Amino acid sequence: MNRANYREILDENLLQSAQDLRLGRRFPFQQDNNHKHTAKTMQEWLRDKSLNVPEWHRQSPDLNPIEHLWRPENSCAATHAIQSDRA
């Protein structure tokens, strides 16, 4: 995917989804520092659409909470042998 594909997806889906959910345009639109997200053309597009995009530091840790939720589950499963009922 490149920035043109990314912008096309946002054009076709983001604002309509926000409207359907009655979010307006001031909802925080979170994205990481991927090149296609930080491209000048994308920054201009987001500004033109008046979207609320929080600023992230370049070296910020991953703030996705679901990954932290699964970490204990994965480590627990890895330490226990799975036994089958089949002989």
# chains A, B, ... in the order shown; residues from 1 in each chain; ligands from 1
$ residues_around --residues "region 40-56 of chain A" --least-positions-apart "2" --cutoff "8 Å" --atoms "only C-alpha atoms" --output "ChimeraX atom specification"
/A:3,7,25-33,36-38,58,60
$ atom_distance --atom1 "CA of Gln19 (chain A)" --atom2 "CA of Ala39 (chain A)"
25.3 Å
